[in-house]
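Reviewing the structure listed below.
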Amino acid sequence: MTDLDLSFEPENTASKPRRGLSLGSIVLIAGILLTAAVFGIALARQNQTQPQSGPAPDFTLTTLDGDTIRLSDLRGKVVVINFWASWCGPCRVEAPALQKVYERYRDRGVEFLGVAWTDTERGARAFIAEFNQTYPNGLDLGTKLAELYRIQGVPETFIVNQNGQIVQFIMQPITEQSLSAILDRVLANGA
Amino acid sequence: MKPILIRAALLILILTAAAGLAGAQDTTRRTVTADEVNAIAKQMYCPVCENIPLDVCGTAACAQWRDEIRIQLESGSTPDEIIRDFVARYGDRVVGTPQDPTLRALSLVTPWIAAGLVVALALYLLLRWWRQRPALATAAGATQPADDDYRARLERDLQARR
């Protein structure tokens, strides 16, 4: 009697073992990596703060009077760069102090530059007139300067010494006393 | 004619002319509704807050910007002109484009890359299915003789056992 052989192993011709990743997996991994990269860069950029030391980023400001001022042209002077906006309450608080300090120090080698951030020209002009500001002020067109100095709000003030180095960053409304003290120190160091 | 009547006639003439002039001035500036302002503001974002549309933001900065929109509409600017002017003055961020150059580039390129990958994947799957179709039919046909052999052997074995 012959043995009944019921074993049957048909040759599997349709599915061969796959080597490597399928296109779907590659697309998925690429998508995950791209998303991670976007979030990673966003997170890294968020952690970047305003420069508090080192060379002050150079810029050109067109004032509301039509003059053009380049920061690097002011080398040899102490420069107070103040970012403000007419809609900003704390900016209104510090505006009289800024003007007073400017009047006191302008003949001692100190220059002030006011930069109106996300402000309308009408609003900025009204603000300047209201507080009788006589130092150069201009609009931050395209918010280029704000990007350069990584502004997160207003008012923000940078003090640049005679060598073009940022020596102080102030992230609050300045007072006459505090700004005077800083300028005295910077002028003394530069003398 | 009495002098009083002449004076009255002159007064009426002056008032009519003044009213006419005022009317002519009104034609250069039109009345703008809050809805018109908000329709444009909806397409822009607050300069201070994160991802808050300009039309719903309650900050003083947004109020000032909405006022600026209203003034520009009154002076005859179109919505596109106003948005272009805001972008020129305050940068791409007003229309929601990231400020950071890297993120800006990624935000512009990523949707196109994603769309391209989806199209490539769809084409690849379609082509694979198209190529495998005859192969599958052949494979299905090829199993038939094997199955017949098996059946024949089974029949033979069963015959032998009877």
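Going by the structure tokens order, chains are called A, B, ..., each with residues numbered from 1, while ligands are numbered from 1 in the order shown.
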Item to complete: Skip Met44 in chain B itself and residues of its chain fewer than 6 positions away, then list as a list of chain:residue names all residues within 7 Å of it, counting only C-alpha atoms.
Response: B:Pro53, B:Leu54, B:Val94, B:Val95, B:Gly96
Give me the chain B side of the contact with chain A, cut-off 6 Å, one line per residue showing its nearest atom pair and distance in Å at one decimal, counting only C-alpha atoms, sorted by chain and residue number, as a Markdown table.
| residue | atom | partner | partner_atom | distance |
| --- | --- | --- | --- | --- |
| B:Ala60 | CA | A:Trp87 | CA | 5.5 |
| B:Ala61 | CA | A:Trp87 | CA | 5.4 |
| B:Ala88 | CA | A:Gly142 | CA | 5.8 |
| B:Arg89 | CA | A:Leu141 | CA | 4.8 |
| B:Tyr90 | CA | A:Gly142 | CA | 4.1 |
| B:Gly91 | CA | A:Gly142 | CA | 4.0 |
Got time to write the residues from that selection, C-alpha atoms, as a PDB file, in the first residue's frame?
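Ended up saving to selection03.pdb:
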ATOM      1  CA  ALA B  60      -4.381  98.911  21.018  1.00  0.00           C
ATOM      2  CA  ALA B  61      -1.992  97.989  18.207  1.00  0.00           C
ATOM      3  CA  ALA B  88       5.527  96.482   2.623  1.00  0.00           C
ATOM      4  CA  ARG B  89       5.450  98.412   5.885  1.00  0.00           C
ATOM      5  CA  TYR B  90       5.322  95.622   8.440  1.00  0.00           C
ATOM      6  CA  GLY B  91       6.672  92.587   6.624  1.00  0.00           C
TER       7      GLY B  91
END
List every residue of chain A that DSSP, applied to the backbone of this structure, assigns to strand (DSSP E), and report them as a JSON list (two decimals) with N, CA and C atoms, in the first residue's frame.
[["chain", "number", "residue", "atom", "x", "y", "z"],
["A", 60, "THR", "N", 20.35, 100.66, 8.72],
["A", 60, "THR", "CA", 20.13, 102.03, 8.24],
["A", 60, "THR", "C", 18.69, 102.40, 8.57],
["A", 61, "LEU", "N", 18.54, 103.52, 9.21],
["A", 61, "LEU", "CA", 17.20, 103.98, 9.61],
["A", 61, "LEU", "C", 16.86, 105.25, 8.84],
["A", 62, "THR", "N", 15.71, 105.23, 8.18],
["A", 62, "THR", "CA", 15.22, 106.46, 7.54],
["A", 62, "THR", "C", 14.28, 107.14, 8.53],
["A", 68, "THR", "N", 18.73, 109.81, 6.56],
["A", 68, "THR", "CA", 19.15, 108.40, 6.64],
["A", 68, "THR", "C", 20.33, 108.30, 7.60],
["A", 69, "ILE", "N", 20.19, 107.43, 8.58],
["A", 69, "ILE", "CA", 21.25, 107.27, 9.58],
["A", 69, "ILE", "C", 21.69, 105.81, 9.59],
["A", 70, "ARG", "N", 23.02, 105.63, 9.47],
["A", 70, "ARG", "CA", 23.57, 104.28, 9.52],
["A", 70, "ARG", "C", 24.25, 104.12, 10.88],
["A", 78, "VAL", "N", 28.30, 106.92, 21.92],
["A", 78, "VAL", "CA", 27.42, 105.95, 22.60],
["A", 78, "VAL", "C", 26.05, 106.12, 21.96],
["A", 79, "VAL", "N", 25.43, 105.00, 21.58],
["A", 79, "VAL", "CA", 24.13, 105.07, 20.90],
["A", 79, "VAL", "C", 23.06, 104.36, 21.73],
["A", 80, "VAL", "N", 21.97, 105.07, 21.93],
["A", 80, "VAL", "CA", 20.81, 104.48, 22.62],
["A", 80, "VAL", "C", 19.77, 104.16, 21.55],
["A", 81, "ILE", "N", 19.53, 102.87, 21.34],
["A", 81, "ILE", "CA", 18.52, 102.46, 20.34],
["A", 81, "ILE", "C", 17.26, 102.07, 21.10],
["A", 82, "ASN", "N", 16.21, 102.82, 20.88],
["A", 82, "ASN", "CA", 14.97, 102.57, 21.62],
["A", 82, "ASN", "C", 13.86, 102.15, 20.65],
["A", 83, "PHE", "N", 13.36, 100.95, 20.86],
["A", 83, "PHE", "CA", 12.21, 100.46, 20.08],
["A", 83, "PHE", "C", 10.93, 100.84, 20.84],
["A", 84, "TRP", "N", 9.99, 101.42, 20.13],
["A", 84, "TRP", "CA", 8.76, 101.87, 20.78],
["A", 84, "TRP", "C", 7.59, 101.79, 19.80],
["A", 110, "VAL", "N", 26.66, 111.25, 22.99],
["A", 110, "VAL", "CA", 25.60, 110.23, 23.05],
["A", 110, "VAL", "C", 24.55, 110.55, 22.00],
["A", 111, "GLU", "N", 24.19, 109.54, 21.20],
["A", 111, "GLU", "CA", 23.16, 109.72, 20.17],
["A", 111, "GLU", "C", 21.98, 108.79, 20.49],
["A", 112, "PHE", "N", 20.80, 109.27, 20.25],
["A", 112, "PHE", "CA", 19.60, 108.46, 20.46],
["A", 112, "PHE", "C", 18.97, 108.15, 19.10],
["A", 113, "LEU", "N", 18.50, 106.93, 18.95],
["A", 113, "LEU", "CA", 17.75, 106.54, 17.75],
["A", 113, "LEU", "C", 16.44, 105.89, 18.19],
["A", 114, "GLY", "N", 15.35, 106.48, 17.81],
["A", 114, "GLY", "CA", 14.05, 105.90, 18.12],
["A", 114, "GLY", "C", 13.55, 105.09, 16.93],
["A", 115, "VAL", "N", 13.11, 103.87, 17.20],
["A", 115, "VAL", "CA", 12.61, 103.01, 16.12],
["A", 115, "VAL", "C", 11.16, 102.64, 16.43],
["A", 116, "ALA", "N", 10.25, 103.14, 15.62],
["A", 116, "ALA", "CA", 8.83, 102.85, 15.83],
["A", 116, "ALA", "C", 8.51, 101.49, 15.22],
["A", 137, "ASN", "N", 13.96, 109.75, 14.91],
["A", 137, "ASN", "CA", 13.01, 108.63, 15.02],
["A", 137, "ASN", "C", 12.60, 108.19, 13.63],
["A", 138, "GLY", "N", 12.45, 106.90, 13.46],
["A", 138, "GLY", "CA", 12.02, 106.39, 12.16],
["A", 138, "GLY", "C", 11.17, 105.15, 12.30],
["A", 139, "LEU", "N", 10.47, 104.81, 11.23],
["A", 139, "LEU", "CA", 9.63, 103.61, 11.23],
["A", 139, "LEU", "C", 10.49, 102.40, 10.88],
["A", 156, "GLU", "N", 11.82, 98.30, 24.18],
["A", 156, "GLU", "CA", 13.09, 97.59, 24.39],
["A", 156, "GLU", "C", 14.20, 98.56, 23.98],
["A", 157, "THR", "N", 15.25, 98.59, 24.78],
["A", 157, "THR", "CA", 16.33, 99.58, 24.55],
["A", 157, "THR", "C", 17.69, 98.90, 24.57],
["A", 158, "PHE", "N", 18.51, 99.25, 23.62],
["A", 158, "PHE", "CA", 19.89, 98.74, 23.55],
["A", 158, "PHE", "C", 20.85, 99.91, 23.69],
["A", 159, "ILE", "N", 21.89, 99.70, 24.49],
["A", 159, "ILE", "CA", 22.93, 100.73, 24.61],
["A", 159, "ILE", "C", 24.17, 100.18, 23.91],
["A", 160, "VAL", "N", 24.66, 100.93, 22.95],
["A", 160, "VAL", "CA", 25.82, 100.54, 22.15],
["A", 160, "VAL", "C", 26.97, 101.48, 22.50],
["A", 166, "ILE", "N", 27.27, 96.09, 21.95],
["A", 166, "ILE", "CA", 26.10, 96.23, 22.83],
["A", 166, "ILE", "C", 26.58, 96.01, 24.27],
["A", 167, "VAL", "N", 26.32, 96.99, 25.13],
["A", 167, "VAL", "CA", 26.77, 96.87, 26.52],
["A", 167, "VAL", "C", 25.60, 96.73, 27.48],
["A", 168, "GLN", "N", 24.41, 97.02, 27.01],
["A", 168, "GLN", "CA", 23.25, 96.90, 27.90],
["A", 168, "GLN", "C", 21.98, 96.70, 27.07],
["A", 169, "PHE", "N", 21.13, 95.79, 27.56],
["A", 169, "PHE", "CA", 19.82, 95.61, 26.95],
["A", 169, "PHE", "C", 18.78, 95.81, 28.05],
["A", 170, "ILE", "N", 17.81, 96.65, 27.79],
["A", 170, "ILE", "CA", 16.79, 96.96, 28.80],
["A", 170, "ILE", "C", 15.42, 96.58, 28.24]]
Response to the item:
Among A:Glu94, A:Asn47, A:Leu64, A:Gly76, Ser178 in chain A is approached most closely, using only C-alpha atoms, by A:Glu94
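Put simply, CA of Gln72 in chain B is 21.6 Å away from CA of Val48 in chain B.
For the atom pair formed by CA of Ile174 in chain A and CA of Arg108 in chain A, the distance is 19.7 Å, given to one decimal.
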Item to complete: Could you tell me how far CA of Trp130 in chain B lies from CA of Ile32 in chain A, in Å and to one decimal?
Response: 29.2 Å
Fill in: Contacts of Asp55 in chain B within 10 Å, only C-alpha atoms, excl. fewer than 3 positions in-chain, as a PyMOL selection string
chain B and resi 34-35+37-46+52+58+62-63+65-66
Using DSSP on the backbone coordinates, identify all residues within range 72-134 of chain B classified as helix (DSSP H, G or I); present the result as an mmCIF file with C-alpha atoms, in the first residue's frame.
data_model
loop_
_atom_site.group_PDB
_atom_site.id
_atom_site.type_symbol
_atom_site.label_atom_id
_atom_site.label_comp_id
_atom_site.auth_asym_id
_atom_site.auth_seq_id
_atom_site.Cartn_x
_atom_site.Cartn_y
_atom_site.Cartn_z
ATOM 1 C CA GLN B 72 -7.144 103.794 3.494
ATOM 2 C CA LEU B 73 -10.556 102.445 2.433
ATOM 3 C CA GLU B 74 -12.039 105.925 2.832
ATOM 4 C CA PRO B 79 -8.372 95.660 -0.210
ATOM 5 C CA ASP B 80 -5.451 94.226 -2.217
ATOM 6 C CA GLU B 81 -3.671 97.575 -2.211
ATOM 7 C CA ILE B 82 -4.152 97.904 1.539
ATOM 8 C CA ILE B 83 -2.787 94.418 2.234
ATOM 9 C CA ARG B 84 0.199 95.055 -0.066
ATOM 10 C CA ASP B 85 0.870 98.328 1.746
ATOM 11 C CA PHE B 86 0.756 96.616 5.148
ATOM 12 C CA VAL B 87 3.109 93.853 3.960
ATOM 13 C CA ALA B 88 5.527 96.482 2.623
ATOM 14 C CA ARG B 89 5.450 98.412 5.885
ATOM 15 C CA TYR B 90 5.322 95.622 8.440
ATOM 16 C CA ASP B 92 5.197 89.231 5.601
ATOM 17 C CA ARG B 93 4.208 88.427 9.173
ATOM 18 C CA VAL B 94 1.035 90.514 8.806
ATOM 19 C CA VAL B 95 -0.375 87.898 6.434
ATOM 20 C CA PRO B 101 13.862 83.110 6.700
ATOM 21 C CA THR B 102 14.350 79.348 7.212
ATOM 22 C CA LEU B 103 10.813 78.798 8.467
ATOM 23 C CA ARG B 104 9.478 81.080 5.752
ATOM 24 C CA ALA B 105 11.220 79.024 3.091
ATOM 25 C CA LEU B 106 10.023 75.780 4.676
ATOM 26 C CA SER B 107 6.440 77.021 4.945
ATOM 27 C CA LEU B 108 6.459 77.891 1.264
ATOM 28 C CA VAL B 109 8.226 74.754 0.040
ATOM 29 C CA THR B 110 6.805 72.064 2.357
ATOM 30 C CA PRO B 111 3.251 71.938 0.901
ATOM 31 C CA TRP B 112 4.700 71.528 -2.611
ATOM 32 C CA ILE B 113 7.098 68.797 -1.454
ATOM 33 C CA ALA B 114 4.256 67.020 0.359
ATOM 34 C CA ALA B 115 1.999 67.270 -2.698
ATOM 35 C CA GLY B 116 4.811 65.991 -4.932
ATOM 36 C CA LEU B 117 5.473 63.036 -2.636
ATOM 37 C CA VAL B 118 1.777 62.126 -2.538
ATOM 38 C CA VAL B 119 1.546 62.266 -6.341
ATOM 39 C CA ALA B 120 4.759 60.205 -6.679
ATOM 40 C CA LEU B 121 3.440 57.623 -4.222
ATOM 41 C CA ALA B 122 0.091 57.426 -6.013
ATOM 42 C CA LEU B 123 1.828 56.974 -9.385
ATOM 43 C CA TYR B 124 4.164 54.344 -7.937
ATOM 44 C CA LEU B 125 1.267 52.360 -6.441
ATOM 45 C CA LEU B 126 -0.720 52.627 -9.677
ATOM 46 C CA LEU B 127 2.229 51.444 -11.767
ATOM 47 C CA ARG B 128 2.964 48.580 -9.363
ATOM 48 C CA TRP B 129 -0.661 47.471 -9.480
ATOM 49 C CA TRP B 130 -0.660 47.726 -13.271
ATOM 50 C CA ARG B 131 2.516 45.634 -13.599
ATOM 51 C CA GLN B 132 1.439 43.020 -11.074
ATOM 52 C CA ARG B 133 -1.953 42.475 -12.669
ATOM 53 C CA PRO B 134 -0.786 40.112 -15.521
#
